[in-house]
Amino acid sequence: MSYNVNRSVMDAFYRYKMPKIMAKVEGKGNGIKTVVVNMVDVAKALGRPPTYPCKYFGCELGAQTQFDTKNDRYIVNGSHDAAKLQDLLDGFIKRFVLCPECENPETVLFPNEKKGIIKQSCKACGYQGMLDMRHKLTTYILKNHPDTKPNQPGTALTKRKERSKKAENGQKDSLRPNSPRADKSDASDDNMNGDADDLDDDWSLDVSEAAMKERQRGLTAGVKNLTVSNDIEKTQSERLEVFFEYCKAKKEEGLLRPGAEVAVFKDIAGEAERLEIKENKAVMVLVELLLDDNIIKQIPQYRILLLLFTHGNPKSQKYFIGAVEKLIELNKDSLLSKVPVIFKAMYDHDVIEEEVLLDWGKKVSKKYVSKETAAEIHAKAQPFLKWLQEAEEEETTEEEEDDGDVEVNVEFDARALNQSLKEQEAKLAADTKPVVAEAPKINGSGEDQADDGDDDDDDDSDLDIDNL
């Protein structure tokens with residue numbers, strides 16, 4: 001049985017068709033799950049990867065999803081009937097498949113992860129526009145482009161013995177034990193034919209946690225993003241501990257250090273986003289791991305990393321201040337006197353915004369440190385907070401003065417509308433009539449007569465014609 005892709009269209013001859021969703025519930029108890037049997041066929045009819053609608057189901061139902069692309073198994077945790085999934089699919093089609101102009105399902109998506117946008121182009125009518133980025137699925141699409149091939153093989157998990165024709169004939173290979181192509185088992189095994197146990201050992205797969213993490217580094221981008229992780233199901237405290245161990249390993253490897261590559265900082269931010277703690281307390285882990293009593297110099301050194309967590313995120317900025325308060329409490333002797341300088345460093349390097357700092361200064365909180373310590377920190381920070389407040393008031397006053405100057409300079413004379421053009425020209429000529437300056441008085445010697453303060457200026461004997 002098949003449906004119209006746009007099920008609001010009742011035309012029986014509508015040419016865009018899709019198969020009806022077939023769902024199968026497996027397991028019981030906490031392990032119950034729903035397998036969308038024909039997810040690949042449905043997605044093919046929509047022109048989208050099968051992971052997209054399956055992930056959409058997970059977002060709408062608040063359930064975890066699993067993808068086994070090799071066996072075409074697409075799973076949504078929990079028990080869900082096919083009719084419910086079919087109704088949810090209509091929402092996916094409306095948001096991510098149909099053209100907003102012609103409502104035909106002939107659109108193509110062009111994600112731009114760098115800009116954080118997804119462009120949409122319609123082959124039927126030529127429409128081009130942006131997708132609404134408010135749905136959670138858009139984040140997944142940005143990281144998993146439609147042309148990503150999750151089945152593309154990554155690094156091989158096992159190594160097979162290299163056998164030359166000499167080895168097949170019972171003769172030793174000429175490879176040196178230290179050669180890059182030499183296998184350790186070949187160098188240590190005198191019997192080139194080997195036995196069954198040796199072959200089994202070569203093909204064995206280490207399933208320890210450390211080995212699994214090491215192999216995950218070699219996966220392609222598509223497979224790595226589709227890998228199912230149990231970390232999301234853990235509590236926030238447990239996820240923070242996972243993030244701490246991740247950052248600690250980076251630091252021990254020498255990758256997480258002052259002046260490190262931006263790619264390392266982005267990887268750390270990506271791990272926090274994967275664990276869904278980036279906008280919460282992840283920044284407190286960074287303060288605990290990276291900052292110490294030399295915090296004033298360390299803030300500019302780790303500025304880029306800190307901005308990835310705090311920029312435009314007041315909630316994360318408050319967590320950062322709380323972590324700094326705790327750091328000051330632990331290093332009270334050396335840091336308490338430097339509180340104004342520490343807060344100014346956070347402000348100057350844009351790690352904390354002005355509004356957040358002023359809001360923090362209004363109330364003494366004992367959420368992260370004792371009330372006595374919090375009061376001491378606030379008292380030490382008062383000079384900085386006062387300077388910040390005065391700077392804000394001065395800026396506001398200057399803006400008001402600038403606005404007032406504009407209003408004063410702009411004048412309008414309504415009477416000018418009732419005057420004719422000739423009257424206005426005559427008035428202008430009268431206003432601009434030149435004023436003739438009075439000639440200076442000259443005495444007999446030809447020099448300017450000094451003003452002796454007399455008010456009588458009508459004396460005609462000031463000018464002696466005979467002496468000229």
# chains A, B, ... in the order shown; residues from 1 in each chain; ligands from 1
>>> residues_around(residues="Pro53 of chain A", least_positions_apart="5", cutoff="10 Å", atoms="only C-alpha atoms", output="PyMOL selection string")
chain A and resi 39-40+42-43+46+48+58-59+74+85+88-89+91-93+96+137
>>> residues_around(residues="segment 335-347 of chain A", least_positions_apart="4", cutoff="9 Å", atoms="only C-alpha atoms", output="list in words")
Asp293, Asn294, Ile295, Ile296, Lys297, Ile299, Pro300, Ile321, Leu327, Ile328, Glu329, Leu330, Asn331, Val351, Ile352, Glu353, Glu354, Leu357, Glu376, Ile377, His378, Lys380, Ala381, Gln382, Pro383, Phe384 and Leu385 of chain A
>>> residues_around(residues="Lys123 of chain A", least_positions_apart="5", cutoff="10 Å", atoms="only C-alpha atoms", output="JSON, numbers by chain")
{"A": [99, 104, 105, 106, 107, 108, 128]}
>>> write_last_selection(atoms="all heavy atoms", output="mmCIF file, in the first residue's frame")
data_model
loop_
_atom_site.group_PDB
_atom_site.id
_atom_site.type_symbol
_atom_site.label_atom_id
_atom_site.label_comp_id
_atom_site.auth_asym_id
_atom_site.auth_seq_id
_atom_site.Cartn_x
_atom_site.Cartn_y
_atom_site.Cartn_z
ATOM 1 N N CYS A 99 8.367 21.819 -1.107
ATOM 2 C CA CYS A 99 8.768 23.183 -1.463
ATOM 3 C C CYS A 99 7.752 24.174 -0.892
ATOM 4 O O CYS A 99 6.542 23.965 -1.041
ATOM 5 C CB CYS A 99 8.847 23.324 -2.984
ATOM 6 S SG CYS A 99 9.130 25.011 -3.561
ATOM 7 N N ASN A 104 5.825 20.800 -4.084
ATOM 8 C CA ASN A 104 6.283 19.557 -4.697
ATOM 9 C C ASN A 104 7.494 19.026 -3.922
ATOM 10 O O ASN A 104 8.335 19.797 -3.471
ATOM 11 C CB ASN A 104 6.667 19.767 -6.162
ATOM 12 C CG ASN A 104 5.462 19.875 -7.066
ATOM 13 O OD1 ASN A 104 4.419 19.292 -6.789
ATOM 14 N ND2 ASN A 104 5.587 20.638 -8.136
ATOM 15 N N PRO A 105 7.622 17.712 -3.781
ATOM 16 C CA PRO A 105 8.749 17.128 -3.016
ATOM 17 C C PRO A 105 10.007 16.958 -3.873
ATOM 18 O O PRO A 105 10.642 15.899 -3.839
ATOM 19 C CB PRO A 105 8.190 15.780 -2.559
ATOM 20 C CG PRO A 105 7.255 15.390 -3.652
ATOM 21 C CD PRO A 105 6.649 16.671 -4.173
ATOM 22 N N GLU A 106 10.362 17.985 -4.634
ATOM 23 C CA GLU A 106 11.544 17.899 -5.497
ATOM 24 C C GLU A 106 12.619 18.880 -5.027
ATOM 25 O O GLU A 106 13.285 19.530 -5.822
ATOM 26 C CB GLU A 106 11.150 18.188 -6.957
ATOM 27 C CG GLU A 106 10.237 17.139 -7.560
ATOM 28 C CD GLU A 106 10.117 17.267 -9.075
ATOM 29 O OE1 GLU A 106 11.000 17.914 -9.676
ATOM 30 O OE2 GLU A 106 9.155 16.732 -9.640
ATOM 31 N N THR A 107 12.777 18.976 -3.726
ATOM 32 C CA THR A 107 13.743 19.908 -3.156
ATOM 33 C C THR A 107 15.068 19.208 -2.857
ATOM 34 O O THR A 107 15.114 18.005 -2.647
ATOM 35 C CB THR A 107 13.201 20.531 -1.862
ATOM 36 O OG1 THR A 107 12.877 19.484 -0.938
ATOM 37 C CG2 THR A 107 11.975 21.365 -2.144
ATOM 38 N N VAL A 108 16.120 19.999 -2.838
ATOM 39 C CA VAL A 108 17.460 19.519 -2.503
ATOM 40 C C VAL A 108 17.998 20.404 -1.379
ATOM 41 O O VAL A 108 17.849 21.628 -1.417
ATOM 42 C CB VAL A 108 18.409 19.582 -3.726
ATOM 43 C CG1 VAL A 108 19.794 19.048 -3.358
ATOM 44 C CG2 VAL A 108 17.825 18.794 -4.887
ATOM 45 N N GLN A 128 14.401 29.049 -4.243
ATOM 46 C CA GLN A 128 15.596 28.951 -3.408
ATOM 47 C C GLN A 128 15.371 29.749 -2.133
ATOM 48 O O GLN A 128 14.943 30.907 -2.191
ATOM 49 C CB GLN A 128 16.834 29.486 -4.144
ATOM 50 C CG GLN A 128 17.279 28.610 -5.300
ATOM 51 C CD GLN A 128 18.578 29.088 -5.916
ATOM 52 O OE1 GLN A 128 19.061 30.159 -5.589
ATOM 53 N NE2 GLN A 128 19.145 28.289 -6.796
#
>>> residues_around(residues="segment 236-251 of chain A", least_positions_apart="2", cutoff="8 Å", atoms="only C-alpha atoms", output="PyMOL selection string")
chain A and resi 231-232+234+253-257+268+271-272+275+277+281-282+285-286+289
>>> select_by_dssp(residues="segment 1-128 of chain A", states="strand (DSSP E or B)", output="PyMOL selection string")
chain A and resi 2-4+17-19+23-26+33-36+65-68+73-77+107-112+117-122+128
>>> write_last_selection(atoms="N, CA and C atoms", output="short mmCIF file (atom, residue, chain, number, x, y, z; two decimals), in the first residue's frame")
data_model
loop_
_atom_site.label_atom_id
_atom_site.label_comp_id
_atom_site.auth_asym_id
_atom_site.auth_seq_id
_atom_site.Cartn_x
_atom_site.Cartn_y
_atom_site.Cartn_z
N SER A 2 0.45 2.29 -0.71
CA SER A 2 1.24 3.51 -0.81
C SER A 2 0.35 4.72 -0.54
N TYR A 3 1.00 5.82 -0.12
CA TYR A 3 0.32 7.09 0.14
C TYR A 3 0.90 8.15 -0.78
N ASN A 4 0.14 9.24 -0.95
CA ASN A 4 0.70 10.43 -1.58
C ASN A 4 1.75 11.02 -0.63
N LYS A 17 4.52 9.31 -4.86
CA LYS A 17 4.02 8.27 -3.96
C LYS A 17 5.13 7.81 -3.01
N MET A 18 4.72 7.28 -1.87
CA MET A 18 5.65 6.70 -0.91
C MET A 18 4.99 5.49 -0.26
N PRO A 19 5.77 4.48 0.12
CA PRO A 19 5.18 3.31 0.77
C PRO A 19 4.71 3.63 2.18
N ALA A 23 6.17 -0.80 10.89
CA ALA A 23 6.90 -0.78 12.16
C ALA A 23 6.77 -2.12 12.87
N LYS A 24 7.84 -2.50 13.56
CA LYS A 24 7.87 -3.77 14.28
C LYS A 24 8.45 -3.53 15.66
N VAL A 25 7.70 -3.87 16.69
CA VAL A 25 8.15 -3.69 18.07
C VAL A 25 8.91 -4.92 18.52
N GLU A 26 10.11 -4.70 19.07
CA GLU A 26 10.95 -5.79 19.54
C GLU A 26 11.34 -5.54 20.99
N LYS A 33 11.91 -1.61 21.82
CA LYS A 33 12.28 -0.70 20.74
C LYS A 33 11.41 -0.96 19.52
N THR A 34 11.33 0.02 18.65
CA THR A 34 10.53 -0.08 17.42
C THR A 34 11.45 0.00 16.22
N VAL A 35 11.38 -1.02 15.36
CA VAL A 35 12.19 -1.06 14.14
C VAL A 35 11.31 -0.63 12.96
N VAL A 36 11.76 0.41 12.25
CA VAL A 36 11.05 0.84 11.04
C VAL A 36 11.58 -0.03 9.89
N THR A 65 17.65 7.06 19.10
CA THR A 65 17.57 6.34 17.82
C THR A 65 18.87 5.61 17.56
N GLN A 66 18.78 4.52 16.82
CA GLN A 66 19.95 3.73 16.46
C GLN A 66 19.90 3.40 14.97
N PHE A 67 21.07 3.44 14.33
CA PHE A 67 21.14 3.19 12.90
C PHE A 67 22.12 2.04 12.64
N ASP A 68 21.65 1.02 11.98
CA ASP A 68 22.51 -0.07 11.51
C ASP A 68 22.41 -0.06 9.99
N ARG A 73 18.69 -1.41 9.35
CA ARG A 73 17.83 -1.41 10.54
C ARG A 73 17.86 -0.02 11.16
N TYR A 74 16.70 0.61 11.24
CA TYR A 74 16.56 1.94 11.81
C TYR A 74 15.59 1.86 12.98
N ILE A 75 16.10 2.17 14.17
CA ILE A 75 15.41 1.84 15.41
C ILE A 75 15.11 3.10 16.20
N VAL A 76 13.91 3.14 16.77
CA VAL A 76 13.50 4.19 17.70
C VAL A 76 13.18 3.51 19.02
N ASN A 77 13.83 3.92 20.09
CA ASN A 77 13.59 3.30 21.39
C ASN A 77 12.16 3.55 21.85
N THR A 107 12.78 18.98 -3.73
CA THR A 107 13.74 19.91 -3.16
C THR A 107 15.07 19.21 -2.86
N VAL A 108 16.12 20.00 -2.84
CA VAL A 108 17.46 19.52 -2.50
C VAL A 108 18.00 20.40 -1.38
N LEU A 109 18.62 19.79 -0.38
CA LEU A 109 19.16 20.52 0.76
C LEU A 109 20.65 20.76 0.59
N PHE A 110 21.10 21.95 0.96
CA PHE A 110 22.52 22.31 0.89
C PHE A 110 22.95 22.86 2.26
N PRO A 111 23.37 21.99 3.19
CA PRO A 111 23.78 22.47 4.52
C PRO A 111 25.12 23.19 4.45
N ASN A 112 25.25 24.25 5.24
CA ASN A 112 26.51 24.98 5.40
C ASN A 112 26.82 25.02 6.90
N ILE A 117 23.58 27.34 8.48
CA ILE A 117 22.32 27.48 7.74
C ILE A 117 22.16 26.32 6.77
N ILE A 118 20.93 26.09 6.34
CA ILE A 118 20.62 25.04 5.35
C ILE A 118 19.81 25.69 4.24
N LYS A 119 20.36 25.70 3.05
CA LYS A 119 19.65 26.24 1.89
C LYS A 119 18.80 25.15 1.26
N GLN A 120 17.70 25.57 0.65
CA GLN A 120 16.78 24.64 0.02
C GLN A 120 16.50 25.12 -1.40
N SER A 121 16.61 24.21 -2.35
CA SER A 121 16.37 24.55 -3.76
C SER A 121 15.36 23.56 -4.34
N CYS A 122 14.41 24.07 -5.11
CA CYS A 122 13.37 23.23 -5.71
C CYS A 122 13.65 23.04 -7.20
N GLN A 128 14.40 29.05 -4.24
CA GLN A 128 15.60 28.95 -3.41
C GLN A 128 15.37 29.75 -2.13
#
>>> select_by_dssp(residues="segment 224-261 of chain A", states="helix (DSSP H, G or I)", output="ChimeraX atom specification")
/A:224-226,231-233,236-252
>>> decode(residues="segment 36-50 of chain A", atoms="all heavy atoms", output="PDB file, in the first residue's frame")
ATOM      1  N   VAL A  36      11.761   0.406  12.251  1.00  0.00           N
ATOM      2  CA  VAL A  36      11.050   0.842  11.036  1.00  0.00           C
ATOM      3  C   VAL A  36      11.581  -0.028   9.891  1.00  0.00           C
ATOM      4  O   VAL A  36      12.674   0.205   9.376  1.00  0.00           O
ATOM      5  CB  VAL A  36      11.267   2.338  10.761  1.00  0.00           C
ATOM      6  CG1 VAL A  36      10.437   2.779   9.561  1.00  0.00           C
ATOM      7  CG2 VAL A  36      10.912   3.167  11.986  1.00  0.00           C
ATOM      8  N   VAL A  37      10.798  -1.025   9.522  1.00  0.00           N
ATOM      9  CA  VAL A  37      11.274  -2.078   8.617  1.00  0.00           C
ATOM     10  C   VAL A  37      11.635  -1.520   7.240  1.00  0.00           C
ATOM     11  O   VAL A  37      12.662  -1.886   6.661  1.00  0.00           O
ATOM     12  CB  VAL A  37      10.207  -3.186   8.499  1.00  0.00           C
ATOM     13  CG1 VAL A  37      10.687  -4.287   7.559  1.00  0.00           C
ATOM     14  CG2 VAL A  37       9.884  -3.765   9.870  1.00  0.00           C
ATOM     15  N   ASN A  38      10.798  -0.656   6.700  1.00  0.00           N
ATOM     16  CA  ASN A  38      11.003  -0.165   5.334  1.00  0.00           C
ATOM     17  C   ASN A  38      11.458   1.295   5.305  1.00  0.00           C
ATOM     18  O   ASN A  38      11.061   2.063   4.421  1.00  0.00           O
ATOM     19  CB  ASN A  38       9.735  -0.338   4.504  1.00  0.00           C
ATOM     20  CG  ASN A  38       8.561   0.444   5.087  1.00  0.00           C
ATOM     21  OD1 ASN A  38       8.557   0.787   6.261  1.00  0.00           O
ATOM     22  ND2 ASN A  38       7.567   0.731   4.258  1.00  0.00           N
ATOM     23  N   MET A  39      12.287   1.677   6.268  1.00  0.00           N
ATOM     24  CA  MET A  39      12.743   3.069   6.350  1.00  0.00           C
ATOM     25  C   MET A  39      13.511   3.475   5.095  1.00  0.00           C
ATOM     26  O   MET A  39      13.403   4.609   4.623  1.00  0.00           O
ATOM     27  CB  MET A  39      13.636   3.239   7.584  1.00  0.00           C
ATOM     28  CG  MET A  39      13.991   4.687   7.919  1.00  0.00           C
ATOM     29  SD  MET A  39      12.681   5.593   8.769  1.00  0.00           S
ATOM     30  CE  MET A  39      11.863   6.384   7.393  1.00  0.00           C
ATOM     31  N   VAL A  40      14.305   2.566   4.537  1.00  0.00           N
ATOM     32  CA  VAL A  40      15.103   2.881   3.349  1.00  0.00           C
ATOM     33  C   VAL A  40      14.199   3.192   2.159  1.00  0.00           C
ATOM     34  O   VAL A  40      14.433   4.169   1.422  1.00  0.00           O
ATOM     35  CB  VAL A  40      16.057   1.716   3.019  1.00  0.00           C
ATOM     36  CG1 VAL A  40      16.798   1.981   1.713  1.00  0.00           C
ATOM     37  CG2 VAL A  40      17.057   1.505   4.152  1.00  0.00           C
ATOM     38  N   ASP A  41      13.145   2.402   1.965  1.00  0.00           N
ATOM     39  CA  ASP A  41      12.236   2.623   0.835  1.00  0.00           C
ATOM     40  C   ASP A  41      11.469   3.933   0.986  1.00  0.00           C
ATOM     41  O   ASP A  41      11.274   4.676   0.009  1.00  0.00           O
ATOM     42  CB  ASP A  41      11.254   1.452   0.725  1.00  0.00           C
ATOM     43  CG  ASP A  41      11.956   0.148   0.392  1.00  0.00           C
ATOM     44  OD1 ASP A  41      13.031   0.218  -0.253  1.00  0.00           O
ATOM     45  OD2 ASP A  41      11.456  -0.918   0.778  1.00  0.00           O
ATOM     46  N   VAL A  42      11.036   4.233   2.212  1.00  0.00           N
ATOM     47  CA  VAL A  42      10.307   5.482   2.451  1.00  0.00           C
ATOM     48  C   VAL A  42      11.213   6.684   2.182  1.00  0.00           C
ATOM     49  O   VAL A  42      10.821   7.643   1.512  1.00  0.00           O
ATOM     50  CB  VAL A  42       9.768   5.511   3.895  1.00  0.00           C
ATOM     51  CG1 VAL A  42       9.154   6.877   4.206  1.00  0.00           C
ATOM     52  CG2 VAL A  42       8.741   4.415   4.110  1.00  0.00           C
ATOM     53  N   ALA A  43      12.436   6.620   2.705  1.00  0.00           N
ATOM     54  CA  ALA A  43      13.372   7.739   2.527  1.00  0.00           C
ATOM     55  C   ALA A  43      13.741   7.918   1.060  1.00  0.00           C
ATOM     56  O   ALA A  43      13.918   9.045   0.587  1.00  0.00           O
ATOM     57  CB  ALA A  43      14.625   7.493   3.357  1.00  0.00           C
ATOM     58  N   LYS A  44      13.854   6.821   0.326  1.00  0.00           N
ATOM     59  CA  LYS A  44      14.172   6.907  -1.101  1.00  0.00           C
ATOM     60  C   LYS A  44      13.068   7.628  -1.859  1.00  0.00           C
ATOM     61  O   LYS A  44      13.335   8.419  -2.777  1.00  0.00           O
ATOM     62  CB  LYS A  44      14.377   5.504  -1.669  1.00  0.00           C
ATOM     63  CG  LYS A  44      14.846   5.485  -3.105  1.00  0.00           C
ATOM     64  CD  LYS A  44      15.099   4.063  -3.580  1.00  0.00           C
ATOM     65  CE  LYS A  44      15.595   4.042  -5.027  1.00  0.00           C
ATOM     66  NZ  LYS A  44      15.826   2.652  -5.500  1.00  0.00           N
ATOM     67  N   ALA A  45      11.805   7.375  -1.478  1.00  0.00           N
ATOM     68  CA  ALA A  45      10.683   8.052  -2.130  1.00  0.00           C
ATOM     69  C   ALA A  45      10.676   9.546  -1.809  1.00  0.00           C
ATOM     70  O   ALA A  45      10.192  10.356  -2.613  1.00  0.00           O
ATOM     71  CB  ALA A  45       9.366   7.414  -1.693  1.00  0.00           C
ATOM     72  N   LEU A  46      11.225   9.920  -0.659  1.00  0.00           N
ATOM     73  CA  LEU A  46      11.264  11.329  -0.262  1.00  0.00           C
ATOM     74  C   LEU A  46      12.524  12.038  -0.738  1.00  0.00           C
ATOM     75  O   LEU A  46      12.628  13.274  -0.614  1.00  0.00           O
ATOM     76  CB  LEU A  46      11.171  11.449   1.266  1.00  0.00           C
ATOM     77  CG  LEU A  46       9.937  10.832   1.930  1.00  0.00           C
ATOM     78  CD1 LEU A  46      10.011  11.001   3.437  1.00  0.00           C
ATOM     79  CD2 LEU A  46       8.661  11.468   1.387  1.00  0.00           C
ATOM     80  N   GLY A  47      13.503  11.289  -1.212  1.00  0.00           N
ATOM     81  CA  GLY A  47      14.754  11.899  -1.658  1.00  0.00           C
ATOM     82  C   GLY A  47      15.627  12.361  -0.506  1.00  0.00           C
ATOM     83  O   GLY A  47      16.361  13.343  -0.641  1.00  0.00           O
ATOM     84  N   ARG A  48      15.556  11.667   0.619  1.00  0.00           N
ATOM     85  CA  ARG A  48      16.341  12.026   1.797  1.00  0.00           C
ATOM     86  C   ARG A  48      17.044  10.781   2.341  1.00  0.00           C
ATOM     87  O   ARG A  48      16.554   9.661   2.137  1.00  0.00           O
ATOM     88  CB  ARG A  48      15.445  12.626   2.902  1.00  0.00           C
ATOM     89  CG  ARG A  48      14.771  13.925   2.526  1.00  0.00           C
ATOM     90  CD  ARG A  48      15.752  15.071   2.428  1.00  0.00           C
ATOM     91  NE  ARG A  48      15.108  16.342   2.120  1.00  0.00           N
ATOM     92  CZ  ARG A  48      14.938  16.819   0.906  1.00  0.00           C
ATOM     93  NH1 ARG A  48      15.382  16.123  -0.143  1.00  0.00           N
ATOM     94  NH2 ARG A  48      14.353  17.991   0.704  1.00  0.00           N
ATOM     95  N   PRO A  49      18.161  10.933   3.036  1.00  0.00           N
ATOM     96  CA  PRO A  49      18.799   9.777   3.678  1.00  0.00           C
ATOM     97  C   PRO A  49      17.857   9.179   4.721  1.00  0.00           C
ATOM     98  O   PRO A  49      17.126   9.913   5.401  1.00  0.00           O
ATOM     99  CB  PRO A  49      20.050  10.370   4.347  1.00  0.00           C
ATOM    100  CG  PRO A  49      20.299  11.661   3.634  1.00  0.00           C
ATOM    101  CD  PRO A  49      18.962  12.168   3.223  1.00  0.00           C
ATOM    102  N   PRO A  50      17.857   7.869   4.908  1.00  0.00           N
ATOM    103  CA  PRO A  50      16.940   7.250   5.876  1.00  0.00           C
ATOM    104  C   PRO A  50      17.211   7.673   7.309  1.00  0.00           C
ATOM    105  O   PRO A  50      16.336   7.558   8.163  1.00  0.00           O
ATOM    106  CB  PRO A  50      17.176   5.744   5.683  1.00  0.00           C
ATOM    107  CG  PRO A  50      18.499   5.639   5.005  1.00  0.00           C
ATOM    108  CD  PRO A  50      18.651   6.859   4.173  1.00  0.00           C
TER     109      PRO A  50
END
